[in-house]
Structure formats: structure tokens, C-alpha cells
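Enquirer: Can you keep this structure in mind? I'll have questions shortly.
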Amino acid sequence: MSDASINASTVNAQTRADEASFGDYFALLKPRVMSLVVFTALVGLLAAPVPVHPFVGFCAILFIAIGGGASGALNMWWDADIDKVMKRTKGRPIPSGKVEEGEALALGLALSGMSVMMLALATNIFAGAFLAFTIFFYVVIYTMWLKRSTPQNIVIGGAAGAFPPVIGWVAATGSMSIEPWLMFALTFMWTPPHFWALALFMRSDYDDAGVPMLTVTHGRKATRTHILVYTVLLALLAIGTAFSGIGGPVYLVVAVVLNALFLRGAWKISRRTEEDAEADNFKVERSFFKLSLLYLFLHFGAILVEALLKNYGLGGW
Amino acid sequence: MSLRKSHELHQRRFSRNLGVGLTLAAFIVIIFGLTIVKVSGTDFTVPTSEVQN
């Protein structure tokens, strides 16, 4: 066997091992983020005071999810260089060499166009336009512009993740009111403390990638204070929402309990020094991050329960 | 080199091709379902020009 044939067979075997499966292309759509999009959009759709045909509702959620996934693929295309550096993201399909950047771009663009068009056809033009704006906001405003240029990246970029319940509401009603914006505000205000807690215990990642997270630009003490301030504002908003059209007694109980726990966590984080955090391997920050996942899920779950109870003459005030 | 039906490429990419095939089939079902729902809805009206034809 010649050297050339040995090299050729090695390269061939390498190609086979690294070849992308269907799952790798699906991973470009960020399925975990998509699950949050599906859930919050579903709550927005069901909390709307207009009944939707179940199949149309299913299609609306599906196309919102695909639009969210498409923006995830475009985000991975643009951020391939920094994903290679960060521990948390280097296993993604592009940095691991399974999918090429151009493939992610093509998939993202194709799915963006398809999802916007199909949502507009299935529900209404307004919802389709809103989905298009959300994709634009996440990809251009957040990923291309803010993420690498300002420590407020998470704050403003959080808006992109907060749009799905508004799109769900608009898909059902074809119009706008204050309630979907309360759901938007809930996710918008929740995003900074959620990500800053992550940045506190995944610290070297953002430093290495040169992403100007608040922890890097303003220091860790300032980040801890920011988490507390945002959590206080979030608590006021979350409990205030209980007295709106989408709130009710069930939501109020959930909001009071969760916000008390969240405030307690934020207070502990703000009082800790780096030495304390290092000593217990960021135990408080990690548990605050885990609680933040439950926090958003249960708030939207409570809004959903209130909406479902209304069908039986219960729910709301 | 021509690709014969039994080429190992087909086996290697079977799961990917199956995934794409099933996705496209699901898309067809969705379009069909949406069409049925839309035309059987109460707010659906046939354009006047179509009726005259």
C-alpha cells in the first residue's frame, strides 16, 4: 500500500467520522432555546382572548419555533469564531467541524423565509412581520452588533428572546394590547440576572472570547449589584402583572413565592465576595441560575393556568 | 465514478436522507391540513370573479 493510499483512506475515515447527521443540522436550531420559545409563544397564544383553531394554533407555534431556530442557526454562523474558543460552545456543530459555516447560513436563511411566510399565511400578516422583526433583531441587532460591542448586550439582546409570547398573542388576535407586552417585559427583565449569574461562574469563557460581558468590563462586584437591581425591578413587574388581564390568584401566589426566593438569591449574590464564591465553587450563583430557569417556566405556567381556568368561568379576578 | 445504488454513501447518509424525507412529508401534511382548515372556516369566501366563472 502506498503512502498516498494510506493518506487517502485516513482522510476518508476522518470524513466519515465527522460527517454531519440529521441531528447535527437540528442542533444548529438550538433546540433548548427553541423549547423556551415554544412554551412562551404557546402561553401568549392561549392567553389571548380570541379562540384559535387547534390546527392553526399548532402551526403558528411550529412556525414561530422554526423562526427562532433559524435565528439560532444564523447566530451560530456569525459566532463560529468565538464558539471555537468558549468551553460551553465548542461542541456546537460548526466549531466541532461537522457542519460548514455556509451550510448554517443557508439553513438559517431558508428557514427564516419559510417560517415568516408560513406564519403570515397560517395566521395573519402582522404576526409574520413580527416574526421577521424578531429574527432581524436577534441576528443583526444582537448577534452582529451589540454582542461584541457593549456590556449591555444581554439587556438589549434579551428583547429578542422576549418577543415569542407577543407573536403568539398577535397570531391569535391580529392586534396588540398591554397584556402581551407584560409577558414581553417579564422575559426581558429576567434575561440579565439569568445571564449575569451564568457569566459569574463561567467566567473564563467570555474573557477568552473577548465578549464584553459586564463581568469583564465593569467587574464582578458591579455585576453582583446589577443582578440585585434587575431582580428588584423584575419582582415589582412580575407581582404587578398579577393584577392585569392575564393575572389572577394562582399567578399571584406563584409570583409572590418565586420572587421572594429570587430576591433572596440575588441579595445573597450581592453580599458575597469573590473569595466566598471561590470557596464553595459558586454554589449560590449556580443555584440562582437554576432557580431562574424554574422562575420563568412557572410564571408562564401560571399565566397558562389562569387562561385555561377562564374556560370554566374561573381564573382572573 | 458513477454512484451505484448500493454505494456505501447511501448507507452512510441514510439517517440524514430519512430525516429530510420525513420533514418534507410533514410539511406537505401541514400545508394540506391548513388548506382544509382555512377553506372550511366560516370566514372563508370565494372571490366573486371565481364564482362567476
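Chains: A, B, ... in order of the C-alpha cells. Residues: from 1 per chain. Ligands: from 1, in order shown.
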Would you list which chain A residues are within 7 Å of chain B using only C-alpha atoms, as a list of chain:residue names?
Expert: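 Per the criterion, chain A yields A:Ser21, A:Phe22, A:Val56, A:Ala122.
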Enquirer: Take the residues from that selection and put them in a file with N, CA and C atoms, as a PDB file, in the first residue's frame.
Expert:
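Final file, part-v9.pdb:
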```
ATOM      1  N   SER A  21     -24.795  14.423  10.845  1.00  0.00           N
ATOM      2  CA  SER A  21     -26.035  13.654  10.778  1.00  0.00           C
ATOM      3  C   SER A  21     -27.194  14.645  10.764  1.00  0.00           C
ATOM      4  N   PHE A  22     -28.390  14.127  10.630  1.00  0.00           N
ATOM      5  CA  PHE A  22     -29.573  14.996  10.652  1.00  0.00           C
ATOM      6  C   PHE A  22     -29.627  15.764  11.983  1.00  0.00           C
ATOM      7  N   VAL A  56     -54.519  25.455  13.490  1.00  0.00           N
ATOM      8  CA  VAL A  56     -53.875  26.749  13.166  1.00  0.00           C
ATOM      9  C   VAL A  56     -52.936  27.134  14.308  1.00  0.00           C
ATOM     10  N   ALA A 122     -50.658  31.230   7.691  1.00  0.00           N
ATOM     11  CA  ALA A 122     -51.463  30.442   8.634  1.00  0.00           C
ATOM     12  C   ALA A 122     -52.284  31.333   9.559  1.00  0.00           C
TER      13      ALA A 122
END
```
Enquirer: Can you measure CA of Val166 in chain A to CA of Ala307 in chain A for me? One decimal in Å is fine.
Expert: 15.4 Å
Enquirer: Between A:Ala20, A:Leu296, A:Ala65, A:Ala106, which has the minimum distance to Phe184 in chain A (counting only C-alpha atoms)?
Expert: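 Closest to Phe184 in chain A of all the choices is A:Leu296.
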Enquirer: When you look at Gly174 in chain A with a cut-off of 10 Å (counting only C-alpha atoms), what residues show up, excluding the ones that are within fewer than 4 positions of it in the same chain? I need them as a PDB file with N, CA and C atoms, in the first residue's frame.
Expert:
```pdb
ATOM      1  N   VAL A  50     -59.014  35.428  22.170  1.00  0.00           N
ATOM      2  CA  VAL A  50     -59.666  35.001  20.923  1.00  0.00           C
ATOM      3  C   VAL A  50     -59.375  33.521  20.695  1.00  0.00           C
ATOM      4  N   THR A 123     -51.719  32.488   9.936  1.00  0.00           N
ATOM      5  CA  THR A 123     -52.445  33.344  10.891  1.00  0.00           C
ATOM      6  C   THR A 123     -52.747  34.711  10.268  1.00  0.00           C
ATOM      7  N   ASN A 124     -51.815  35.645  10.362  1.00  0.00           N
ATOM      8  CA  ASN A 124     -52.028  36.960   9.750  1.00  0.00           C
ATOM      9  C   ASN A 124     -50.674  37.621   9.447  1.00  0.00           C
ATOM     10  N   ILE A 125     -50.727  38.624   8.588  1.00  0.00           N
ATOM     11  CA  ILE A 125     -49.505  39.293   8.121  1.00  0.00           C
ATOM     12  C   ILE A 125     -48.755  39.943   9.282  1.00  0.00           C
ATOM     13  N   PHE A 126     -49.515  40.494  10.226  1.00  0.00           N
ATOM     14  CA  PHE A 126     -48.931  41.192  11.368  1.00  0.00           C
ATOM     15  C   PHE A 126     -48.010  40.244  12.154  1.00  0.00           C
ATOM     16  N   ALA A 127     -48.495  39.020  12.384  1.00  0.00           N
ATOM     17  CA  ALA A 127     -47.696  38.029  13.128  1.00  0.00           C
ATOM     18  C   ALA A 127     -46.443  37.658  12.339  1.00  0.00           C
ATOM     19  N   ILE A 167     -45.705  37.449  19.718  1.00  0.00           N
ATOM     20  CA  ILE A 167     -46.052  36.907  18.394  1.00  0.00           C
ATOM     21  C   ILE A 167     -47.226  35.924  18.527  1.00  0.00           C
ATOM     22  N   GLY A 168     -47.191  35.099  19.578  1.00  0.00           N
ATOM     23  CA  GLY A 168     -48.285  34.152  19.817  1.00  0.00           C
ATOM     24  C   GLY A 168     -49.610  34.873  19.991  1.00  0.00           C
ATOM     25  N   TRP A 169     -49.597  35.950  20.763  1.00  0.00           N
ATOM     26  CA  TRP A 169     -50.801  36.754  21.018  1.00  0.00           C
ATOM     27  C   TRP A 169     -51.309  37.369  19.707  1.00  0.00           C
ATOM     28  N   VAL A 170     -50.390  37.960  18.944  1.00  0.00           N
ATOM     29  CA  VAL A 170     -50.754  38.607  17.675  1.00  0.00           C
ATOM     30  C   VAL A 170     -51.270  37.569  16.669  1.00  0.00           C
TER      31      VAL A 170
END
```
Enquirer: Find the residues near Val43 in chain A: any atom within 8 Å, counting only C-alpha atoms, skip ones fewer than 3 places away on the same chain, and give them as a list in words.
Expert: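 Selected residues are Phe39, Thr40, Leu46, Ala47, Pro165, Gly168, Phe300, Gly301, Ile303 and Leu304 of chain A.
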Enquirer: Write to file, as a compact mmCIF listing (two decimals), in the first residue's frame, the residues of the selection just made, with C-alpha atoms.
Expert:
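Wrote selection34.txt, looks like this:
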```txt
# COMPACT_ATOMS: atom_id res chain seq x y z
CA PHE A 39 -43.59 27.41 25.62
CA THR A 40 -43.78 31.22 25.89
CA LEU A 46 -53.62 30.64 24.67
CA ALA A 47 -53.80 33.66 26.98
CA PRO A 165 -45.35 35.46 23.57
CA GLY A 168 -48.29 34.15 19.82
CA PHE A 300 -45.63 31.48 32.25
CA GLY A 301 -47.14 28.22 33.54
CA ILE A 303 -50.42 32.58 33.18
CA LEU A 304 -51.40 29.47 31.20
```
Enquirer: Compare A:Ala209, A:Leu236, A:Val254, A:Ala277 by their minimum atom-to-atom distance to Asp83 in chain A, counting only C-alpha atoms, and give me the closest one.
Expert: A:Ala209
Enquirer: Rounded to one decimal, what separation in Å do you get between CA of Tyr138 in chain A and CA of Ser287 in chain A?
Expert: 27.7 Å
Enquirer: Give me every helix (DSSP H, G or I) residue in range 62-287 of chain A, going by DSSP on the backbone, as a PyMOL selection string.
Expert: chain A and resi 62-78+80-83+101-122+125-146+153-162+164-173+178-201+203-209+214-217+220-241+249-271+274-279+283-287
